[in-house]
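Peer 1: I am attaching a structure below and will ask some questions about it afterwards.
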Amino acid sequence: MAWDEWEQLKTEAAKGRSTHMRLNQLAADPGGGSGDSRQGDLTVHQRDLAAIGSAAYDLYTNFGACSDYARLASMKAAGGLETQGFALGSALDHVAEHWIDQVQSLLDACAHISNHLRYTQRQHTSDEHYIAGTISSISQLDHGFDERKGS
C-alpha cells in the first residue's frame, strides 16, 4: 500500500467515514437463475484443468523445499536472539514452530488439488474411450441390420 494512500485512509477514519470494503452484488434470486434453462456460464476445458493441476504440483514441490529453508533460518535466528537475551527470540521460535503447521496445510491442499485433477483427467479419458467404443458398436449393429434388409 502506498504511503499516501495509508495517510488518506487514516484521515478518513478519523473523520468517521467507513473505510471497510464493500462488495457489489446481485439481488438474491431464490430460483437460482434468471428463469431460462441455462444454469450458468462456467465452462472448463481440459487444458485449464491441466494447467491448474500442474500449478498446484509445482507449488507443492517448490514451496515444500523452499519453506524448509525459511523455517530453519528462522529457528537459527531465534536461537541466536535467545542466547543474546532478546525476548524476540522466543517469539520468533514460536512463529517458526507454527510455520510448520501452516506449510503442511498448504502442501496438503496443493496435493489434493493436483491429485484430484489428475484423477479427473484420467476418468474423463476413460469415459471418452468407453463412449467411443459403445458408439462404434452401435454403428456396427446398424450396418448389420442394413445388410439384412438388403440396403
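We label chains A, B, ... in the order they appear in the C-alpha cells, count residues from 1 in each chain, and number ligands from 1 in the order shown.
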Quick one: residues within 9 Å of Val103 in chain A, only C-alpha atoms, excluding same-chain residues fewer than 6 positions away - as a list of chain:residue names?

Peer 2: A:Phe63, A:Gly64, A:Ser67

Peer 1: Selected residues, all heavy atoms, written as a PDB file, in the first residue's frame, please.

Peer 2:
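Result file result-v2.pdb:
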```
ATOM      1  N   PHE A  63       7.487 -25.053  -3.106  1.00  0.00           N
ATOM      2  CA  PHE A  63       7.250 -24.470  -1.791  1.00  0.00           C
ATOM      3  C   PHE A  63       7.681 -25.419  -0.684  1.00  0.00           C
ATOM      4  O   PHE A  63       8.204 -24.988   0.338  1.00  0.00           O
ATOM      5  CB  PHE A  63       5.779 -24.085  -1.618  1.00  0.00           C
ATOM      6  CG  PHE A  63       5.517 -23.316  -0.352  1.00  0.00           C
ATOM      7  CD1 PHE A  63       5.936 -22.004  -0.233  1.00  0.00           C
ATOM      8  CD2 PHE A  63       4.887 -23.912   0.721  1.00  0.00           C
ATOM      9  CE1 PHE A  63       5.713 -21.293   0.931  1.00  0.00           C
ATOM     10  CE2 PHE A  63       4.652 -23.210   1.883  1.00  0.00           C
ATOM     11  CZ  PHE A  63       5.065 -21.897   1.990  1.00  0.00           C
ATOM     12  N   GLY A  64       7.477 -26.710  -0.905  1.00  0.00           N
ATOM     13  CA  GLY A  64       7.894 -27.690   0.098  1.00  0.00           C
ATOM     14  C   GLY A  64       9.379 -27.602   0.378  1.00  0.00           C
ATOM     15  O   GLY A  64       9.814 -27.646   1.536  1.00  0.00           O
ATOM     16  N   SER A  67      10.298 -23.797   1.756  1.00  0.00           N
ATOM     17  CA  SER A  67       9.769 -23.444   3.077  1.00  0.00           C
ATOM     18  C   SER A  67      10.665 -23.955   4.198  1.00  0.00           C
ATOM     19  O   SER A  67      10.739 -23.337   5.265  1.00  0.00           O
ATOM     20  CB  SER A  67       8.360 -23.989   3.250  1.00  0.00           C
ATOM     21  OG  SER A  67       8.375 -25.400   3.319  1.00  0.00           O
TER      22      SER A  67
END
```

Peer 1: Write out as a list in words each polymer residue whose atoms come within 10 Å of His116 in chain A, counting only C-alpha atoms; drop sequence neighbours fewer than 6 positions from it.

Peer 2: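 Here the qualifying residues turn out to be Gly53, Cys110 and Arg122 of chain A.
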
Peer 1: Can you write out the residues you just picked, keeping C-alpha atoms, as a CSV table (one decimal), in the first residue's frame?

Peer 2:
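part-v4.csv was written with the following content:
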```csv
chain,number,residue,atom,x,y,z
A,53,GLY,CA,-3.2,-29.3,-11.6
A,110,CYS,CA,-1.9,-28.5,-3.2
A,122,ARG,CA,-7.9,-40.0,-16.3
```

Peer 1: Would you mind listing what lies within 10 Å of Lys76 in chain A as a PyMOL selection string, with only C-alpha atoms counted and same-chain residues fewer than 3 positions away left out?

Peer 2: chain A and resi 70-73+79-82+89+92-93+96

Peer 1: Export N, CA and C atoms of the chosen residues as a PDB file, in the first residue's frame?

Peer 2:
```pdb
ATOM      1  N   ALA A  70      13.346 -21.360   4.953  1.00  0.00           N
ATOM      2  CA  ALA A  70      12.833 -20.245   5.759  1.00  0.00           C
ATOM      3  C   ALA A  70      12.660 -20.658   7.214  1.00  0.00           C
ATOM      4  N   ARG A  71      12.134 -21.863   7.440  1.00  0.00           N
ATOM      5  CA  ARG A  71      11.919 -22.336   8.806  1.00  0.00           C
ATOM      6  C   ARG A  71      13.249 -22.519   9.543  1.00  0.00           C
ATOM      7  N   LEU A  72      14.196 -23.151   8.873  1.00  0.00           N
ATOM      8  CA  LEU A  72      15.494 -23.382   9.508  1.00  0.00           C
ATOM      9  C   LEU A  72      16.222 -22.061   9.797  1.00  0.00           C
ATOM     10  N   ALA A  73      16.156 -21.122   8.842  1.00  0.00           N
ATOM     11  CA  ALA A  73      16.795 -19.821   9.053  1.00  0.00           C
ATOM     12  C   ALA A  73      16.132 -19.079  10.217  1.00  0.00           C
ATOM     13  N   GLY A  79      17.291 -18.841  17.856  1.00  0.00           N
ATOM     14  CA  GLY A  79      18.268 -19.350  18.816  1.00  0.00           C
ATOM     15  C   GLY A  79      19.339 -18.311  19.121  1.00  0.00           C
ATOM     16  N   GLY A  80      19.808 -17.617  18.097  1.00  0.00           N
ATOM     17  CA  GLY A  80      20.816 -16.580  18.298  1.00  0.00           C
ATOM     18  C   GLY A  80      20.294 -15.434  19.141  1.00  0.00           C
ATOM     19  N   LEU A  81      19.061 -15.025  18.891  1.00  0.00           N
ATOM     20  CA  LEU A  81      18.462 -13.943  19.681  1.00  0.00           C
ATOM     21  C   LEU A  81      18.254 -14.363  21.131  1.00  0.00           C
ATOM     22  N   GLU A  82      17.824 -15.601  21.344  1.00  0.00           N
ATOM     23  CA  GLU A  82      17.601 -16.090  22.715  1.00  0.00           C
ATOM     24  C   GLU A  82      18.900 -16.145  23.501  1.00  0.00           C
ATOM     25  N   GLY A  89      13.550 -13.583  20.510  1.00  0.00           N
ATOM     26  CA  GLY A  89      13.985 -14.916  20.090  1.00  0.00           C
ATOM     27  C   GLY A  89      12.935 -15.974  20.325  1.00  0.00           C
ATOM     28  N   LEU A  92      10.053 -15.468  17.840  1.00  0.00           N
ATOM     29  CA  LEU A  92      10.410 -15.937  16.507  1.00  0.00           C
ATOM     30  C   LEU A  92      10.402 -17.463  16.450  1.00  0.00           C
ATOM     31  N   ASP A  93      10.842 -18.104  17.516  1.00  0.00           N
ATOM     32  CA  ASP A  93      10.813 -19.560  17.590  1.00  0.00           C
ATOM     33  C   ASP A  93       9.366 -20.060  17.544  1.00  0.00           C
ATOM     34  N   ALA A  96       8.173 -19.869  14.014  1.00  0.00           N
ATOM     35  CA  ALA A  96       8.786 -20.922  13.198  1.00  0.00           C
ATOM     36  C   ALA A  96       8.122 -22.271  13.455  1.00  0.00           C
TER      37      ALA A  96
END
```

Peer 1: Counting only C-alpha atoms, which residue out of A:Leu49, A:Met75, A:Leu9, A:Ala111 sits closest to His94 in chain A?

Peer 2: A:Met75

Peer 1: State, in Å with one decimal place, the distance from CA of Glu97 in chain A to CA of Gly85 in chain A.

Peer 2: 19.7 Å

Peer 1: Could you state the separation of CA of Ala87 in chain A and CA of Gln104 in chain A in Å, given to one decimal place?

Peer 2: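 It comes out at 27.2 Å.
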